[in-house]
>>> print(open('entry02.cif').read())   # mmCIF, C-alpha atoms
data_work
loop_
_atom_site.label_atom_id
_atom_site.label_comp_id
_atom_site.auth_asym_id
_atom_site.auth_seq_id
_atom_site.Cartn_x
_atom_site.Cartn_y
_atom_site.Cartn_z
CA MET A 1 -16.35 -24.22 -0.18
CA THR A 2 -12.93 -25.80 0.10
CA LEU A 3 -9.48 -24.27 0.19
CA GLU A 4 -8.79 -25.46 -3.36
CA THR A 5 -11.92 -23.88 -4.82
CA VAL A 6 -11.25 -20.52 -3.14
CA LEU A 7 -7.66 -20.60 -4.38
CA VAL A 8 -8.87 -21.29 -7.94
CA VAL A 9 -11.22 -18.30 -7.72
CA ALA A 10 -8.31 -16.20 -6.43
CA ALA A 11 -6.21 -17.45 -9.37
CA ALA A 12 -8.98 -16.41 -11.77
CA LEU A 13 -9.09 -12.91 -10.28
CA PHE A 14 -5.30 -12.65 -10.47
CA ALA A 15 -5.29 -13.81 -14.11
CA VAL A 16 -8.00 -11.34 -15.14
CA GLY A 17 -6.05 -8.57 -13.39
CA LEU A 18 -2.86 -9.61 -15.17
CA TYR A 19 -4.69 -9.54 -18.51
CA GLY A 20 -5.92 -6.03 -17.75
CA ALA A 21 -2.58 -4.73 -16.52
CA ILE A 22 -0.82 -5.95 -19.67
CA SER A 23 -3.47 -5.07 -22.24
CA GLN A 24 -4.78 -1.66 -21.19
CA GLN A 25 -3.34 1.55 -22.59
CA SER A 26 -4.85 3.97 -20.09
CA PHE A 27 -2.93 4.48 -16.86
CA VAL A 28 -6.06 4.27 -14.74
CA MET A 29 -7.22 1.05 -16.39
CA LEU A 30 -3.73 -0.37 -15.84
CA MET A 31 -4.09 0.44 -12.14
CA MET A 32 -7.42 -1.36 -12.11
CA GLY A 33 -5.62 -4.48 -13.33
CA LEU A 34 -3.09 -4.17 -10.51
CA GLU A 35 -5.93 -3.77 -8.01
CA LEU A 36 -7.58 -6.96 -9.25
CA MET A 37 -4.29 -8.84 -8.92
CA ILE A 38 -3.85 -7.68 -5.32
CA ASN A 39 -7.51 -8.58 -4.73
CA GLY A 40 -6.85 -12.15 -5.83
CA ALA A 41 -3.78 -12.37 -3.62
CA LEU A 42 -5.80 -11.05 -0.66
CA LEU A 43 -8.50 -13.66 -1.24
CA ALA A 44 -5.90 -16.45 -1.38
CA LEU A 45 -4.30 -15.19 1.83
CA ILE A 46 -7.59 -15.10 3.74
CA ALA A 47 -8.52 -18.54 2.39
CA LEU A 48 -5.24 -19.94 3.71
CA TRP A 49 -5.82 -18.15 7.01
CA ALA A 50 -9.35 -19.50 7.42
CA LEU A 51 -9.00 -23.03 6.10
CA SER A 52 -5.37 -24.00 6.52
CA THR A 53 -3.85 -22.24 9.52
CA GLY A 54 -6.67 -22.61 12.02
CA GLY A 55 -7.42 -18.88 12.18
CA ASN A 56 -4.00 -17.67 13.28
CA PRO A 57 -4.50 -13.92 14.04
CA GLN A 58 -1.24 -13.05 12.29
CA GLY A 59 -2.85 -14.11 9.00
CA GLN A 60 -5.42 -11.33 9.31
CA MET A 61 -2.61 -8.98 10.28
CA LEU A 62 -0.85 -9.80 7.00
CA ALA A 63 -4.11 -9.14 5.16
CA ILE A 64 -4.23 -5.66 6.68
CA VAL A 65 -0.70 -5.08 5.34
CA PHE A 66 -1.99 -6.17 1.89
CA MET A 67 -4.82 -3.65 2.13
CA THR A 68 -2.33 -0.96 3.11
CA VAL A 69 -0.35 -1.80 -0.01
CA MET A 70 -3.54 -1.42 -2.08
CA ALA A 71 -4.17 2.02 -0.60
CA ILE A 72 -0.57 3.11 -1.17
CA GLU A 73 -0.62 1.88 -4.77
CA MET A 74 -3.79 3.79 -5.55
CA ALA A 75 -2.74 7.04 -3.83
CA LEU A 76 0.70 7.16 -5.44
CA GLY A 77 -0.77 6.00 -8.76
CA PHE A 78 -3.24 8.87 -8.87
CA ALA A 79 -0.53 11.36 -7.89
CA LEU A 80 1.77 10.03 -10.64
CA ILE A 81 -1.04 10.17 -13.21
CA THR A 82 -1.75 13.76 -12.24
CA ASN A 83 1.92 14.67 -12.59
CA VAL A 84 2.42 12.84 -15.90
CA TYR A 85 -0.69 14.45 -17.34
CA ARG A 86 0.47 17.89 -16.24
CA VAL A 87 4.01 17.51 -17.55
CA ARG A 88 3.50 15.43 -20.71
CA ARG A 89 -0.22 15.86 -21.46
CA ALA A 90 -0.31 12.05 -21.58
CA ASP A 91 -3.07 9.76 -20.31
CA ILE A 92 -2.09 6.55 -22.11
CA THR A 93 1.09 4.52 -21.92
CA GLU A 94 1.90 4.89 -25.64
CA LYS A 95 2.45 8.62 -25.25
CA LEU A 96 5.37 8.11 -22.89
CA ARG A 97 8.54 7.30 -24.77
CA LYS A 98 10.82 7.81 -21.81
CA LEU A 99 10.34 7.89 -18.07
CA LYS A 100 13.05 10.43 -17.34
CA GLY A 101 11.76 14.00 -17.08
CA MET B 1 -31.61 -26.13 4.63
CA ASN B 2 -28.17 -27.26 5.72
CA ARG B 3 -25.96 -24.30 6.69
CA SER B 4 -22.90 -25.54 4.80
CA LEU B 5 -25.02 -25.92 1.64
CA VAL B 6 -26.19 -22.31 1.96
CA VAL B 7 -22.59 -21.17 2.45
CA ASP B 8 -21.53 -23.16 -0.64
CA VAL B 9 -24.28 -21.69 -2.80
CA LEU B 10 -23.49 -18.16 -1.61
CA PHE B 11 -19.78 -18.74 -2.20
CA TRP B 12 -20.27 -19.85 -5.79
CA CYS B 13 -22.62 -16.95 -6.49
CA PHE B 14 -20.15 -14.39 -5.11
CA ALA B 15 -17.16 -16.13 -6.75
CA ALA B 16 -18.77 -16.20 -10.20
CA GLY B 17 -20.00 -12.64 -9.74
CA SER B 18 -16.61 -11.27 -8.71
CA VAL B 19 -14.74 -12.98 -11.57
CA VAL B 20 -17.31 -12.00 -14.22
CA THR B 21 -17.50 -8.38 -13.05
CA GLY B 22 -13.69 -8.32 -12.86
CA TYR B 23 -13.61 -9.39 -16.52
CA LEU B 24 -16.25 -6.80 -17.46
CA VAL B 25 -13.93 -4.09 -16.09
CA PHE B 26 -11.80 -4.52 -19.21
CA ARG B 27 -14.64 -5.20 -21.65
CA THR B 28 -17.00 -2.35 -20.91
CA ASP B 29 -16.94 0.67 -23.20
CA SER B 30 -16.60 3.39 -20.58
CA MET B 31 -14.03 4.00 -17.89
CA VAL B 32 -16.51 5.17 -15.28
CA ARG B 33 -18.56 2.01 -15.78
CA ALA B 34 -15.31 0.04 -15.49
CA ALA B 35 -14.71 1.61 -12.05
CA PHE B 36 -18.14 0.49 -10.87
CA TRP B 37 -17.65 -3.03 -12.28
CA LEU B 38 -14.41 -3.20 -10.31
CA LEU B 39 -16.30 -2.09 -7.20
CA ALA B 40 -18.80 -4.91 -7.82
CA SER B 41 -15.91 -7.36 -8.04
CA PHE B 42 -14.53 -6.12 -4.73
CA VAL B 43 -17.94 -6.41 -3.09
CA GLY B 44 -18.06 -10.06 -4.19
CA VAL B 45 -14.62 -10.74 -2.72
CA GLY B 46 -15.56 -8.90 0.49
CA ALA B 47 -18.62 -11.12 0.80
CA ILE B 48 -16.44 -14.23 0.35
CA LEU B 49 -14.15 -12.93 3.13
CA VAL B 50 -17.21 -12.67 5.39
CA LEU B 51 -18.14 -16.26 4.51
CA LEU B 52 -14.56 -17.26 5.42
CA ALA B 53 -15.10 -15.86 8.95
CA ALA B 54 -13.00 -12.72 8.33
CA GLU B 55 -16.01 -10.43 8.86
CA PHE B 56 -14.03 -7.34 9.81
CA LEU B 57 -11.69 -7.52 6.83
CA GLY B 58 -14.56 -8.22 4.43
CA VAL B 59 -16.54 -5.18 5.53
CA VAL B 60 -13.42 -2.97 5.60
CA LEU B 61 -12.53 -4.09 2.07
CA ILE B 62 -15.98 -3.17 0.75
CA LEU B 63 -16.00 0.24 2.48
CA MET B 64 -12.43 1.03 1.42
CA MET B 65 -13.04 0.08 -2.19
CA ALA B 66 -16.31 2.02 -2.38
CA GLY B 67 -14.39 5.20 -1.53
CA GLU B 68 -11.48 4.29 -3.77
CA MET B 69 -13.60 3.57 -6.83
CA LEU B 70 -15.50 6.83 -6.43
CA ILE B 71 -12.15 8.67 -6.39
CA MET B 72 -11.14 6.67 -9.46
CA ALA B 73 -14.32 7.72 -11.27
CA VAL B 74 -13.64 11.36 -10.39
CA VAL B 75 -10.05 11.08 -11.72
CA MET B 76 -11.41 9.68 -14.97
CA VAL B 77 -13.92 12.47 -15.29
CA MET B 78 -11.07 14.95 -14.81
CA PHE B 79 -8.49 13.50 -17.17
CA MET B 80 -9.80 10.83 -19.48
CA MET B 81 -11.70 10.87 -22.70
CA ASN B 82 -14.24 13.59 -23.23
CA PRO B 83 -16.90 13.90 -22.14
CA ALA B 84 -16.27 12.81 -18.60
CA GLY B 85 -14.90 9.34 -19.25
CA LEU B 86 -18.24 8.13 -20.60
CA ASN B 87 -17.35 7.96 -24.31
CA PRO B 88 -17.14 4.49 -25.82
CA MET B 89 -13.57 3.28 -25.93
CA PHE B 90 -11.47 0.28 -26.79
CA MET B 91 -7.90 1.03 -25.86
CA VAL B 92 -5.88 -2.17 -25.70
CA HIS B 93 -2.47 -3.13 -26.96
CA GLN B 94 -0.67 -6.49 -27.25
CA HIS B 95 -4.06 -8.15 -26.79
CA ARG B 96 -3.05 -11.68 -27.71
CA PHE B 97 -0.04 -11.60 -25.42
CA ALA B 98 -2.20 -10.30 -22.57
CA VAL B 99 -4.77 -13.06 -23.07
CA ALA B 100 -2.01 -15.68 -23.19
CA ALA B 101 -0.41 -14.31 -20.01
CA GLY B 102 -3.76 -14.41 -18.23
CA VAL B 103 -4.55 -17.95 -19.33
CA VAL B 104 -1.07 -19.25 -18.47
CA SER B 105 -1.08 -17.61 -15.04
CA PHE B 106 -4.56 -18.97 -14.28
CA ALA B 107 -3.54 -22.46 -15.37
CA GLY B 108 -0.29 -22.36 -13.39
CA LEU B 109 -1.84 -21.02 -10.20
CA SER B 110 -4.77 -23.45 -10.46
CA VAL B 111 -2.42 -26.40 -10.84
CA VAL B 112 -0.55 -25.28 -7.71
CA ALA B 113 -3.83 -24.78 -5.82
CA LEU B 114 -5.18 -28.19 -6.78
CA THR B 115 -2.01 -30.27 -6.38
CA ALA B 116 -0.25 -28.69 -3.40
CA ASP B 117 -0.72 -30.36 -0.05
CA PHE B 118 -1.95 -27.66 2.32
CA PRO B 119 -2.61 -28.36 6.01
CA ASP B 120 -6.30 -28.90 6.74
CA GLN B 121 -6.93 -26.71 9.78
CA PRO B 122 -10.16 -24.72 9.40
CA VAL B 123 -10.81 -21.92 11.83
CA ASP B 124 -12.79 -23.04 14.86
CA ALA B 125 -16.42 -21.87 14.83
CA SER B 126 -16.12 -20.72 18.43
CA VAL B 127 -13.25 -18.33 17.65
CA ASP B 128 -14.13 -14.63 17.55
CA ALA B 129 -11.82 -13.64 14.70
CA THR B 130 -12.52 -9.91 14.96
CA ALA B 131 -11.68 -9.81 18.68
CA GLU B 132 -8.52 -11.83 18.08
CA LEU B 133 -7.47 -9.42 15.34
CA GLY B 134 -8.03 -6.51 17.70
CA PHE B 135 -5.82 -8.08 20.36
CA GLU B 136 -3.21 -8.85 17.68
CA LEU B 137 -3.27 -5.30 16.33
CA LEU B 138 -2.82 -3.73 19.75
CA GLY B 139 -0.59 -6.47 21.11
CA ASP B 140 2.14 -8.49 19.46
CA SER B 141 1.75 -6.87 16.02
CA MET B 142 1.41 -3.29 17.17
CA LEU B 143 4.75 -2.36 15.59
CA VAL B 144 3.57 -3.70 12.21
CA PHE B 145 0.32 -1.78 12.58
CA GLN B 146 2.15 1.43 13.42
CA THR B 147 4.56 0.92 10.53
CA ALA B 148 1.59 0.64 8.18
CA GLY B 149 0.28 3.93 9.57
CA VAL B 150 3.62 5.66 9.04
CA ALA B 151 3.77 4.25 5.49
CA LEU B 152 0.31 5.72 4.77
CA LEU B 153 1.40 9.08 6.17
CA ALA B 154 4.51 9.04 3.97
CA THR B 155 2.27 8.13 1.03
CA MET B 156 0.02 11.12 1.67
CA ILE B 157 3.00 13.48 1.83
CA GLY B 158 4.53 11.92 -1.30
CA ALA B 159 1.24 12.09 -3.21
CA ILE B 160 0.81 15.77 -2.36
CA ALA B 161 4.42 16.50 -3.36
CA LEU B 162 3.95 14.65 -6.65
CA ALA B 163 0.60 16.15 -7.55
CA SER B 164 1.34 19.71 -6.46
CA ARG B 165 2.30 22.15 -9.19
CA ASN B 166 4.14 24.58 -6.97
CA GLY B 167 7.20 23.18 -5.23
CA ARG B 168 9.25 24.98 -2.62
CA PHE B 169 11.74 26.29 -5.19
CA GLY B 170 9.42 27.00 -8.11
CA THR B 171 7.15 24.86 -10.24
CA SER B 172 7.51 21.15 -9.61
CA ASP B 173 7.73 20.33 -13.33
CA GLU B 174 10.46 22.86 -14.07
CA GLY B 175 13.07 21.37 -16.39
CA SER B 176 10.94 18.33 -17.19
CA ARG B 177 8.79 19.79 -19.94
CA GLU B 178 9.73 18.99 -23.50
CA PRO B 179 10.55 22.09 -25.58
CA ALA B 180 7.92 21.22 -28.20
CA LEU B 181 5.18 21.26 -25.61
CA GLU B 182 6.27 24.66 -24.30
CA ILE B 183 6.28 26.10 -27.83
CA GLU B 184 2.82 24.68 -28.43
CA GLU B 185 1.60 26.34 -25.29
CA LEU B 186 3.14 29.69 -26.22
CA GLU B 187 1.51 29.57 -29.64
CA SER B 188 -1.88 28.60 -28.34
CA PRO B 189 -4.22 31.55 -27.69
#
>>> encode(input="entry02.cif", output="structure tokens")
Amino acid sequence: MTLETVLVVAAALFAVGLYGAISQQSFVMLMMGLELMINGALLALIALWALSTGGNPQGQMLAIVFMTVMAIEMALGFALITNVYRVRRADITEKLRKLKG
Amino acid sequence: MNRSLVVDVLFWCFAAGSVVTGYLVFRTDSMVRAAFWLLASFVGVGAILVLLAAEFLGVVLILMMAGEMLIMAVVMVMFMMNPAGLNPMFMVHQHRFAVAAGVVSFAGLSVVALTADFPDQPVDASVDATAELGFELLGDSMLVFQTAGVALLATMIGAIALASRNGRFGTSDEGSREPALEIEELESP
């Protein structure tokens, strides 16, 4: 396990997430793509922390900020989906022609 | 068996597993199954974090994502595709563009990963990373930690305000409903 191999795995996760975020019609599936992208970024960050910075504690601190961002994205995403479904009866991106209410 | 060899074998197993299950998220025919494939992908990444000496973060990631994916499955059961998000589905658009974007991003990031010159400073085996993180959280980075907590609190308040039907001055979606939808609702029994 070297830094390069972990970073390539992180790149693969990011790429799969990007594919999902672009290709999926459902809002929830789109959020899954975003989650995978953040997951790849988190893996790359921890790999750099563990193998390139000598275990600097601030690296783990930054990872906790990443995980906070994941939680915020999911919570606000679910709330937005609930609201959009209630107002527009829409659960896929194609049904929204405008963002303004 | 040599310890580094065991770590390498475990790493490749978890890496392949997390990437394959991440791909299956978008290839499976049910949204609830997709949520559990995503959870499997996160478990693989959490295991890699443990192998990278970030035991605390790895375990927290797995626990956090287990809860999150269960909530995601419940949301799908509520809103998506009858019955209960388990119907077969294939709902993609701009598929070729998405595949191209994924391949290009993977190639670009891999080239950077393989050609960049990163410092070679692995974490010392004697370091207790979890204890150091604890001292960092409650020491120099306490302000960052507290800011993250306040951000999560603001998120909870914002999520409730967004998802709640009844606002302080009437329904939260007042004025944002299209006339056609209201007429449809009036006509429906």
>>> interface_residues(input="entry02.cif", of="chain A", to="chain B", cutoff="8 Å", atoms="all atoms listed in the file", output="PyMOL selection string")
chain A and resi 1+4+7-9+11-20+22-26+28-29+32+36+39+43+46-47+49-55+57-58+60-61+63-65+67-68+71-72+74-76+78-80+82-83+85+87-88+91+101
>>> atom_distance(input="entry02.cif", atom1="atom CA of A:Ala10", atom2="atom CA of A:Ala44")
5.6 Å
>>> atom_distance(input="entry02.cif", atom1="atom CA of A:Ile81", atom2="atom CA of A:Val69")
17.8 Å
>>> closest_residue(input="entry02.cif", among="B:Cys13, B:Val32, B:Leu39, B:Ile62", to="B:Val77", atoms="all atoms listed in the file")
B:Val32
>>> atom_distance(input="entry02.cif", atom1="atom CA of A:Phe27", atom2="atom CA of B:Ala40")
20.5 Å
>>> decode(input="entry02.cif", residues="stretch 40-70 of chain A", atoms="N, CA, C and O atoms", output="PDB file, in the first residue's frame")
ATOM      1  N   GLY A  40     -14.266   9.751  -1.848  1.00  0.00           N
ATOM      2  CA  GLY A  40     -12.958   9.681  -2.499  1.00  0.00           C
ATOM      3  C   GLY A  40     -12.019  10.765  -2.009  1.00  0.00           C
ATOM      4  O   GLY A  40     -10.829  10.523  -1.748  1.00  0.00           O
ATOM      5  N   ALA A  41     -12.555  11.973  -1.858  1.00  0.00           N
ATOM      6  CA  ALA A  41     -11.723  13.081  -1.359  1.00  0.00           C
ATOM      7  C   ALA A  41     -11.245  12.801   0.061  1.00  0.00           C
ATOM      8  O   ALA A  41     -10.082  13.075   0.412  1.00  0.00           O
ATOM      9  N   LEU A  42     -12.133  12.221   0.886  1.00  0.00           N
ATOM     10  CA  LEU A  42     -11.762  11.891   2.271  1.00  0.00           C
ATOM     11  C   LEU A  42     -10.643  10.841   2.294  1.00  0.00           C
ATOM     12  O   LEU A  42      -9.686  10.957   3.075  1.00  0.00           O
ATOM     13  N   LEU A  43     -10.777   9.844   1.419  1.00  0.00           N
ATOM     14  CA  LEU A  43      -9.738   8.803   1.368  1.00  0.00           C
ATOM     15  C   LEU A  43      -8.395   9.399   0.947  1.00  0.00           C
ATOM     16  O   LEU A  43      -7.346   9.069   1.527  1.00  0.00           O
ATOM     17  N   ALA A  44      -8.411  10.293  -0.043  1.00  0.00           N
ATOM     18  CA  ALA A  44      -7.162  10.931  -0.482  1.00  0.00           C
ATOM     19  C   ALA A  44      -6.553  11.763   0.636  1.00  0.00           C
ATOM     20  O   ALA A  44      -5.331  11.748   0.855  1.00  0.00           O
ATOM     21  N   LEU A  45      -7.400  12.460   1.375  1.00  0.00           N
ATOM     22  CA  LEU A  45      -6.908  13.301   2.477  1.00  0.00           C
ATOM     23  C   LEU A  45      -6.245  12.452   3.557  1.00  0.00           C
ATOM     24  O   LEU A  45      -5.140  12.771   4.025  1.00  0.00           O
ATOM     25  N   ILE A  46      -6.890  11.351   3.946  1.00  0.00           N
ATOM     26  CA  ILE A  46      -6.313  10.508   4.995  1.00  0.00           C
ATOM     27  C   ILE A  46      -5.039   9.828   4.502  1.00  0.00           C
ATOM     28  O   ILE A  46      -4.085   9.625   5.267  1.00  0.00           O
ATOM     29  N   ALA A  47      -5.020   9.471   3.201  1.00  0.00           N
ATOM     30  CA  ALA A  47      -3.786   8.872   2.658  1.00  0.00           C
ATOM     31  C   ALA A  47      -2.634   9.867   2.744  1.00  0.00           C
ATOM     32  O   ALA A  47      -1.518   9.511   3.143  1.00  0.00           O
ATOM     33  N   LEU A  48      -2.904  11.121   2.389  1.00  0.00           N
ATOM     34  CA  LEU A  48      -1.844  12.139   2.484  1.00  0.00           C
ATOM     35  C   LEU A  48      -1.436  12.350   3.938  1.00  0.00           C
ATOM     36  O   LEU A  48      -0.252  12.525   4.248  1.00  0.00           O
ATOM     37  N   TRP A  49      -2.431  12.310   4.849  1.00  0.00           N
ATOM     38  CA  TRP A  49      -2.122  12.482   6.264  1.00  0.00           C
ATOM     39  C   TRP A  49      -1.208  11.351   6.757  1.00  0.00           C
ATOM     40  O   TRP A  49      -0.221  11.590   7.461  1.00  0.00           O
ATOM     41  N   ALA A  50      -1.563  10.117   6.375  1.00  0.00           N
ATOM     42  CA  ALA A  50      -0.856   8.962   6.932  1.00  0.00           C
ATOM     43  C   ALA A  50       0.494   8.719   6.286  1.00  0.00           C
ATOM     44  O   ALA A  50       1.425   8.259   6.950  1.00  0.00           O
ATOM     45  N   LEU A  51       0.617   8.985   4.999  1.00  0.00           N
ATOM     46  CA  LEU A  51       1.816   8.558   4.282  1.00  0.00           C
ATOM     47  C   LEU A  51       2.704   9.705   3.816  1.00  0.00           C
ATOM     48  O   LEU A  51       3.796   9.474   3.315  1.00  0.00           O
ATOM     49  N   SER A  52       2.220  10.938   3.955  1.00  0.00           N
ATOM     50  CA  SER A  52       3.004  12.041   3.395  1.00  0.00           C
ATOM     51  C   SER A  52       3.278  13.168   4.382  1.00  0.00           C
ATOM     52  O   SER A  52       4.181  13.966   4.169  1.00  0.00           O
ATOM     53  N   THR A  53       2.498  13.246   5.447  1.00  0.00           N
ATOM     54  CA  THR A  53       2.715  14.354   6.390  1.00  0.00           C
ATOM     55  C   THR A  53       3.168  13.865   7.763  1.00  0.00           C
ATOM     56  O   THR A  53       3.180  14.639   8.720  1.00  0.00           O
ATOM     57  N   GLY A  54       3.480  12.591   7.872  1.00  0.00           N
ATOM     58  CA  GLY A  54       3.985  12.075   9.137  1.00  0.00           C
ATOM     59  C   GLY A  54       2.951  12.033  10.245  1.00  0.00           C
ATOM     60  O   GLY A  54       3.295  12.050  11.424  1.00  0.00           O
ATOM     61  N   GLY A  55       1.668  11.984   9.904  1.00  0.00           N
ATOM     62  CA  GLY A  55       0.632  11.882  10.933  1.00  0.00           C
ATOM     63  C   GLY A  55       0.371  13.167  11.667  1.00  0.00           C
ATOM     64  O   GLY A  55       0.075  13.163  12.876  1.00  0.00           O
ATOM     65  N   ASN A  56       0.448  14.285  10.969  1.00  0.00           N
ATOM     66  CA  ASN A  56       0.123  15.583  11.574  1.00  0.00           C
ATOM     67  C   ASN A  56      -1.339  15.576  12.056  1.00  0.00           C
ATOM     68  O   ASN A  56      -2.233  15.329  11.259  1.00  0.00           O
ATOM     69  N   PRO A  57      -1.606  15.845  13.346  1.00  0.00           N
ATOM     70  CA  PRO A  57      -2.988  15.754  13.850  1.00  0.00           C
ATOM     71  C   PRO A  57      -3.961  16.669  13.117  1.00  0.00           C
ATOM     72  O   PRO A  57      -5.159  16.374  13.049  1.00  0.00           O
ATOM     73  N   GLN A  58      -3.474  17.767  12.557  1.00  0.00           N
ATOM     74  CA  GLN A  58      -4.383  18.677  11.860  1.00  0.00           C
ATOM     75  C   GLN A  58      -4.973  18.043  10.604  1.00  0.00           C
ATOM     76  O   GLN A  58      -6.039  18.451  10.137  1.00  0.00           O
ATOM     77  N   GLY A  59      -4.299  17.029  10.059  1.00  0.00           N
ATOM     78  CA  GLY A  59      -4.849  16.307   8.909  1.00  0.00           C
ATOM     79  C   GLY A  59      -6.123  15.587   9.289  1.00  0.00           C
ATOM     80  O   GLY A  59      -7.122  15.622   8.560  1.00  0.00           O
ATOM     81  N   GLN A  60      -6.115  14.908  10.434  1.00  0.00           N
ATOM     82  CA  GLN A  60      -7.339  14.241  10.905  1.00  0.00           C
ATOM     83  C   GLN A  60      -8.424  15.263  11.222  1.00  0.00           C
ATOM     84  O   GLN A  60      -9.613  15.016  11.030  1.00  0.00           O
ATOM     85  N   MET A  61      -7.998  16.414  11.724  1.00  0.00           N
ATOM     86  CA  MET A  61      -8.963  17.483  12.019  1.00  0.00           C
ATOM     87  C   MET A  61      -9.694  17.903  10.735  1.00  0.00           C
ATOM     88  O   MET A  61     -10.917  18.071  10.709  1.00  0.00           O
ATOM     89  N   LEU A  62      -8.923  18.043   9.653  1.00  0.00           N
ATOM     90  CA  LEU A  62      -9.524  18.412   8.370  1.00  0.00           C
ATOM     91  C   LEU A  62     -10.483  17.327   7.888  1.00  0.00           C
ATOM     92  O   LEU A  62     -11.538  17.610   7.312  1.00  0.00           O
ATOM     93  N   ALA A  63     -10.120  16.059   8.165  1.00  0.00           N
ATOM     94  CA  ALA A  63     -11.013  14.961   7.778  1.00  0.00           C
ATOM     95  C   ALA A  63     -12.336  15.047   8.524  1.00  0.00           C
ATOM     96  O   ALA A  63     -13.396  14.760   7.960  1.00  0.00           O
ATOM     97  N   ILE A  64     -12.295  15.472   9.782  1.00  0.00           N
ATOM     98  CA  ILE A  64     -13.546  15.623  10.539  1.00  0.00           C
ATOM     99  C   ILE A  64     -14.399  16.734   9.917  1.00  0.00           C
ATOM    100  O   ILE A  64     -15.626  16.625   9.845  1.00  0.00           O
ATOM    101  N   VAL A  65     -13.751  17.798   9.432  1.00  0.00           N
ATOM    102  CA  VAL A  65     -14.496  18.857   8.736  1.00  0.00           C
ATOM    103  C   VAL A  65     -15.154  18.281   7.470  1.00  0.00           C
ATOM    104  O   VAL A  65     -16.312  18.579   7.164  1.00  0.00           O
ATOM    105  N   PHE A  66     -14.432  17.416   6.736  1.00  0.00           N
ATOM    106  CA  PHE A  66     -14.987  16.754   5.554  1.00  0.00           C
ATOM    107  C   PHE A  66     -16.242  15.959   5.925  1.00  0.00           C
ATOM    108  O   PHE A  66     -17.262  16.002   5.233  1.00  0.00           O
ATOM    109  N   MET A  67     -16.146  15.223   7.039  1.00  0.00           N
ATOM    110  CA  MET A  67     -17.283  14.392   7.444  1.00  0.00           C
ATOM    111  C   MET A  67     -18.452  15.263   7.874  1.00  0.00           C
ATOM    112  O   MET A  67     -19.622  14.908   7.656  1.00  0.00           O
ATOM    113  N   THR A  68     -18.162  16.427   8.451  1.00  0.00           N
ATOM    114  CA  THR A  68     -19.230  17.366   8.783  1.00  0.00           C
ATOM    115  C   THR A  68     -19.924  17.843   7.511  1.00  0.00           C
ATOM    116  O   THR A  68     -21.155  17.941   7.449  1.00  0.00           O
ATOM    117  N   VAL A  69     -19.118  18.118   6.494  1.00  0.00           N
ATOM    118  CA  VAL A  69     -19.690  18.547   5.209  1.00  0.00           C
ATOM    119  C   VAL A  69     -20.596  17.459   4.638  1.00  0.00           C
ATOM    120  O   VAL A  69     -21.680  17.731   4.107  1.00  0.00           O
ATOM    121  N   MET A  70     -20.170  16.188   4.761  1.00  0.00           N
ATOM    122  CA  MET A  70     -21.012  15.078   4.291  1.00  0.00           C
ATOM    123  C   MET A  70     -22.357  15.075   5.012  1.00  0.00           C
ATOM    124  O   MET A  70     -23.421  14.918   4.399  1.00  0.00           O
TER     125      MET A  70
END
